[in-house]
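I have placed the structure first, in the form of structure tokens, so that the comments after it can refer back to it.
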Amino acid sequence: MKRSEIYFSAIQLPVDFLMIVLASLSAYAVRDVPQILALRPKLYTVDFIDFLQVTLMVAPLFLVVYAIEGLYTMRVTRTPLSEVFKVFRATSLVLVLVIVTIFLKREWFSSRFIILAGWSFAVFYVTIARYFIQRVQRYYLTKKGVGVHRILLIGTNGKIEQLKSLFATRPELGYVAVGQVETVSLHAIKDIREAHGLDEVMVCDPSLTDDEQQKLLDYCQINNITLKYLPTTRETSRFTMSIFNGEPIIEFQHTPLDGWGKVLKRVYDLVAGSILTLIFSPVMLMIALLTKLEDPAGPIIYTNERIGENGEKIPVFKFRYMQWKWCINKDNPNFEAALEYEKQLIAERSVRQGPLYKIKDDPRKTKVGAFIERYSLDELPQFFNVLRGEMSLVGPRPHQKREVEKYSEYHRRLLTIKPGVTGMAQISGRSDLAFEDEYRLDVFYIENWSLWLDVLVCLKTVGALLRRRKN
């Protein structure tokens with residue numbers, strides 16, 4: 001999402017909460033209407049304080065259901081009618097949940113009029129509030145250019161000209177065409193992106209080869225650019241269909257880890273990471289003690305610089321499993337000799353192909369280090385990386401800068417999410433896998449993430465750790 005859309009999403013949360021509370025108070029205020037109109041006598045007396053407590057308990061449920069229904073994806077291009085329908089559907093769902101709860105817990109209150117009136121007011125107030133927020137958002141879009149989606153058009157057919165004309169005459173749609181190219185030229189696309197910025201690419205040329213489509217897809221996903229197609233032969237396991245100006249549009253989904261998916265994953269990391277840190281604290285204390293006893297010269301925790309999300313450098317914590325004199329760390333007085341020795345070992349003993357290396361029978365390990373590295377216990381301090389927000393419990397493993405520099409362009413998809421302590425590759429072969437196989441597993445994870453998948457990977461990691469590595 002654009003930064004302005006995130007800002008309006010943040011505003012929408014407390015506004016929705018206030019509208020829901022206002023709806024409840026309005027329903028309480030008009031609870032005497034049936035009696036005034038002589039429709040029926042008032043059968044229940046509802047204490048205001050008790051009613052307010054119930055309201056404040058139920059209001060967060062509305063926000064959760066609204067989020068699940070996608071009501072906080074504050075795209076300026078959304079239509080008012082679809083917004084009304086989503087609010088109606090989500091509010092009705094909460095109404096059903098409230099009715100069931102009241103049926104099971106009658107001591108709350110049993111006024112059907114208040115429940116139905118509250119539902120009606122909620123739909124009305126939330127819709128009206130969202131309408132005004134959208135008007136403000138659209139004003140900044142059309143008058144200030146805030147939140148405009150910069151789009152590049154690829155193709156030369158008549159649909160391209162129609163879209164360019166549409167974007168120029170209807171700025172409220174939120175798009176501005178920053179360029180047009182006849183075919184996929186990554187060089188031309190990069191120049192346009194550097195000159196004007198780029199949020200979306202729309203392909204209107206069905207004659208693109210599969211190779212061109214794949215290169216374009218990889219480039220867009222690596223650079224966080226939305227890719228949309230007018231229907232072509234391209235197929236993917238993750239896409240959404242929509243209609244734009246009467247034409248069917250296919251939008252490729254890079255990962256579910258966007259918006260609320262990212263929030264949910266972060267909550268899981270914090271909760272599960274805290275629990276795992278407490279569980280493994282005795283083990284970590286024992287490893288720290290044994291490491292210091294065997295080789296007291298160096299630090300217990302070895303900080304290794306790796307490349308994380310979006311290519312940013314992050315410090316990755318590990319228990320030191322090598323003799324300090326051979327550690328690749330600038331604090332090591334023997335750093336230059338250690339670096340040359342490692343290069344020699346890589347040339348002579350590496351058993352992996354591609355950008356990564358794996359030294360067989362590494363002579364630099366301590367006795368304690370050989371044991372903890374065999375069972376990946378050296379990586380336990382990375383729970384602190386998770387709590388600090390630099391890593392996730394599950395994701396692609398972070399690699400060193402010199403390894404990332406050897407990536408092919410398409411390999412950089414691994415840098416589009418946070419790296420993980422464990423991942424699909426680790427439960428499917430750990431470092432015994434070829435790099436291309438590891439890459440395919442990690443891309444599968446990126447494209448098919450779910451919270452349940454994270455839980456499964458964490459559980460299967462335990463079994464994987466008990467299997468000895470081949471090298």
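Every chain in the structure tokens takes a letter, A first, then B, and so on in the order presented; its residues are numbered from 1, and the ligands are numbered from 1 following the presented order.
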Contacts of segment 293-299 of chain A at 7 Å (only C-alpha atoms; same-chain gap of 3+ positions) as a ChimeraX atom specification: /A:289-290,302,323-324
All residues 9 Å or closer to Val386 of chain A, only C-alpha atoms, same chain fewer than 2 positions away omitted, as a PyMOL selection string: chain A and resi 269-270+273+382-384+388-393+420-421
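Candidate residues A:Leu345, A:Gly197, A:Leu380, A:Thr255 were compared for distance to Ile279 of chain A, and the nearest is A:Leu380, using only C-alpha atoms.
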Residues of segment 270-389 of chain A in strand (DSSP E or B), written as a PyMOL selection string: chain A and resi 301-307+313-319+322+350+359+365
Backbone DSSP call of alpha helix (DSSP H) for segment 7-193 of chain A, listed as a ChimeraX atom specification: /A:7-29,33-36,48-68,80-104,112-139,158-169,186-193
One-decimal distance in Å that lies between atom CA of Leu13 of chain A and atom CA of Leu63 of chain A: 7.2 Å
Distance query segment 215-231 of chain A at most 9 Å, only C-alpha atoms, self and fewer than 5 positions along chain excluded, as a PyMOL selection string: chain A and resi 184-186+198-206+210+247-254+310+409-416
Can you write just those residues out, N, CA and C atoms, as a PDB file, in the first residue's frame?
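part20.pdb written:
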```
ATOM      1  N   VAL A 184       8.707  -5.789 -23.159  1.00  0.00           N
ATOM      2  CA  VAL A 184       9.422  -5.855 -21.889  1.00  0.00           C
ATOM      3  C   VAL A 184      10.899  -5.558 -22.114  1.00  0.00           C
ATOM      4  N   SER A 185      11.306  -4.381 -21.648  1.00  0.00           N
ATOM      5  CA  SER A 185      12.717  -3.987 -21.654  1.00  0.00           C
ATOM      6  C   SER A 185      13.053  -3.539 -20.247  1.00  0.00           C
ATOM      7  N   LEU A 186      13.731  -4.400 -19.491  1.00  0.00           N
ATOM      8  CA  LEU A 186      14.035  -4.066 -18.100  1.00  0.00           C
ATOM      9  C   LEU A 186      14.886  -2.811 -17.999  1.00  0.00           C
ATOM     10  N   LEU A 198       7.705   4.234  -9.579  1.00  0.00           N
ATOM     11  CA  LEU A 198       6.819   3.252 -10.208  1.00  0.00           C
ATOM     12  C   LEU A 198       6.158   2.404  -9.139  1.00  0.00           C
ATOM     13  N   ASP A 199       4.820   2.362  -9.184  1.00  0.00           N
ATOM     14  CA  ASP A 199       4.056   1.563  -8.226  1.00  0.00           C
ATOM     15  C   ASP A 199       3.434   0.330  -8.860  1.00  0.00           C
ATOM     16  N   GLU A 200       3.032   0.449 -10.124  1.00  0.00           N
ATOM     17  CA  GLU A 200       2.345  -0.649 -10.795  1.00  0.00           C
ATOM     18  C   GLU A 200       2.793  -0.747 -12.255  1.00  0.00           C
ATOM     19  N   VAL A 201       2.729  -1.949 -12.775  1.00  0.00           N
ATOM     20  CA  VAL A 201       2.959  -2.192 -14.196  1.00  0.00           C
ATOM     21  C   VAL A 201       1.739  -2.927 -14.729  1.00  0.00           C
ATOM     22  N   MET A 202       1.184  -2.432 -15.834  1.00  0.00           N
ATOM     23  CA  MET A 202       0.051  -3.100 -16.458  1.00  0.00           C
ATOM     24  C   MET A 202       0.440  -3.534 -17.871  1.00  0.00           C
ATOM     25  N   VAL A 203       0.328  -4.830 -18.120  1.00  0.00           N
ATOM     26  CA  VAL A 203       0.696  -5.403 -19.408  1.00  0.00           C
ATOM     27  C   VAL A 203      -0.558  -5.576 -20.252  1.00  0.00           C
ATOM     28  N   CYS A 204      -0.550  -4.980 -21.421  1.00  0.00           N
ATOM     29  CA  CYS A 204      -1.684  -5.089 -22.344  1.00  0.00           C
ATOM     30  C   CYS A 204      -1.266  -5.754 -23.647  1.00  0.00           C
ATOM     31  N   ASP A 205      -0.212  -6.554 -23.601  1.00  0.00           N
ATOM     32  CA  ASP A 205       0.317  -7.222 -24.795  1.00  0.00           C
ATOM     33  C   ASP A 205       0.295  -8.732 -24.575  1.00  0.00           C
ATOM     34  N   PRO A 206      -0.672  -9.451 -25.172  1.00  0.00           N
ATOM     35  CA  PRO A 206      -0.764 -10.895 -24.967  1.00  0.00           C
ATOM     36  C   PRO A 206       0.295 -11.693 -25.709  1.00  0.00           C
ATOM     37  N   ASP A 210       6.981 -16.337 -22.583  1.00  0.00           N
ATOM     38  CA  ASP A 210       7.036 -16.746 -21.179  1.00  0.00           C
ATOM     39  C   ASP A 210       8.289 -16.218 -20.503  1.00  0.00           C
ATOM     40  N   GLU A 247     -12.957  -4.032 -18.397  1.00  0.00           N
ATOM     41  CA  GLU A 247     -12.013  -5.047 -18.862  1.00  0.00           C
ATOM     42  C   GLU A 247     -11.601  -5.942 -17.690  1.00  0.00           C
ATOM     43  N   PRO A 248     -11.474  -7.257 -17.914  1.00  0.00           N
ATOM     44  CA  PRO A 248     -11.001  -8.150 -16.855  1.00  0.00           C
ATOM     45  C   PRO A 248      -9.512  -7.955 -16.609  1.00  0.00           C
ATOM     46  N   ILE A 249      -9.127  -7.876 -15.328  1.00  0.00           N
ATOM     47  CA  ILE A 249      -7.745  -7.646 -14.942  1.00  0.00           C
ATOM     48  C   ILE A 249      -7.288  -8.792 -14.034  1.00  0.00           C
ATOM     49  N   ILE A 250      -6.081  -9.279 -14.278  1.00  0.00           N
ATOM     50  CA  ILE A 250      -5.455 -10.261 -13.400  1.00  0.00           C
ATOM     51  C   ILE A 250      -4.344  -9.561 -12.638  1.00  0.00           C
ATOM     52  N   GLU A 251      -4.395  -9.602 -11.299  1.00  0.00           N
ATOM     53  CA  GLU A 251      -3.338  -9.017 -10.473  1.00  0.00           C
ATOM     54  C   GLU A 251      -2.602 -10.132  -9.748  1.00  0.00           C
ATOM     55  N   PHE A 252      -1.293 -10.236  -9.988  1.00  0.00           N
ATOM     56  CA  PHE A 252      -0.495 -11.266  -9.355  1.00  0.00           C
ATOM     57  C   PHE A 252      -0.210 -10.885  -7.902  1.00  0.00           C
ATOM     58  N   GLN A 253      -0.362 -11.852  -7.011  1.00  0.00           N
ATOM     59  CA  GLN A 253      -0.133 -11.634  -5.596  1.00  0.00           C
ATOM     60  C   GLN A 253       1.249 -12.171  -5.241  1.00  0.00           C
ATOM     61  N   HIS A 254       2.107 -11.275  -4.783  1.00  0.00           N
ATOM     62  CA  HIS A 254       3.460 -11.710  -4.432  1.00  0.00           C
ATOM     63  C   HIS A 254       3.445 -12.610  -3.198  1.00  0.00           C
ATOM     64  N   ASN A 310      14.711  -6.569   2.146  1.00  0.00           N
ATOM     65  CA  ASN A 310      14.990  -5.421   1.279  1.00  0.00           C
ATOM     66  C   ASN A 310      16.483  -5.124   1.144  1.00  0.00           C
ATOM     67  N   GLU A 409      19.555 -12.495 -10.625  1.00  0.00           N
ATOM     68  CA  GLU A 409      18.556 -11.463 -10.346  1.00  0.00           C
ATOM     69  C   GLU A 409      17.308 -12.057  -9.705  1.00  0.00           C
ATOM     70  N   TYR A 410      16.848 -13.214 -10.199  1.00  0.00           N
ATOM     71  CA  TYR A 410      15.604 -13.785  -9.677  1.00  0.00           C
ATOM     72  C   TYR A 410      15.753 -14.303  -8.249  1.00  0.00           C
ATOM     73  N   HIS A 411      16.995 -14.583  -7.823  1.00  0.00           N
ATOM     74  CA  HIS A 411      17.210 -15.045  -6.453  1.00  0.00           C
ATOM     75  C   HIS A 411      16.871 -13.973  -5.422  1.00  0.00           C
ATOM     76  N   ARG A 412      16.831 -12.713  -5.852  1.00  0.00           N
ATOM     77  CA  ARG A 412      16.609 -11.608  -4.916  1.00  0.00           C
ATOM     78  C   ARG A 412      15.174 -11.594  -4.374  1.00  0.00           C
ATOM     79  N   ARG A 413      14.314 -12.459  -4.887  1.00  0.00           N
ATOM     80  CA  ARG A 413      12.975 -12.605  -4.280  1.00  0.00           C
ATOM     81  C   ARG A 413      13.084 -13.059  -2.828  1.00  0.00           C
ATOM     82  N   LEU A 414      14.179 -13.721  -2.493  1.00  0.00           N
ATOM     83  CA  LEU A 414      14.369 -14.174  -1.117  1.00  0.00           C
ATOM     84  C   LEU A 414      14.532 -13.011  -0.148  1.00  0.00           C
ATOM     85  N   LEU A 415      14.833 -11.829  -0.674  1.00  0.00           N
ATOM     86  CA  LEU A 415      15.060 -10.665   0.175  1.00  0.00           C
ATOM     87  C   LEU A 415      13.818  -9.806   0.334  1.00  0.00           C
ATOM     88  N   THR A 416      12.670 -10.287  -0.129  1.00  0.00           N
ATOM     89  CA  THR A 416      11.452  -9.479  -0.079  1.00  0.00           C
ATOM     90  C   THR A 416      10.670  -9.660   1.218  1.00  0.00           C
TER      91      THR A 416
END
```
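You can rank A:Leu22, A:Lys86, A:Tyr341, A:His149 by their closest distance to Gly118 of chain A using only C-alpha atoms, and at the top of that list sits A:Leu22.
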Between atom CA of Gly246 of chain A and atom CA of Val126 of chain A - distance in Å to one decimal: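 One can read the atom CA of Val126 of chain A to atom CA of Gly246 of chain A distance as 29.2 Å.
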Distance in Å - atom CA of Leu95 of chain A versus atom CA of Ser450 of chain A: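 So the two atoms, atom CA of Leu95 of chain A and atom CA of Ser450 of chain A, lie 27.6 Å apart.
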Pick from A:Leu377, A:Leu257, A:Ile68, A:Ile154, whichever lies nearest to Leu208 of chain A using only C-alpha atoms: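 Residue with the minimum atom-to-atom distance to Leu208 of chain A: A:Ile154.
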Distance query segment 439-445 of chain A at most 12 Å, only C-alpha atoms, self and fewer than 2 positions along chain excluded, as a VMD selection string: chain A and resid 218 221 to 222 236 to 238 254 to 257 354 to 356 394 to 398 407 to 408 410 to 420 422 to 430 433 to 437 447 to 454 456 to 457
Selection near Ala122 of chain A, 7 Å with only C-alpha atoms, sequence-local residues under 5 positions removed, as a ChimeraX atom specification: /A:19-20,23
Among the residues A:Thr73, A:Gln137, A:Ser24, A:Ser207, the one that comes closest to Met57 of chain A [using only C-alpha atoms]: A:Ser24
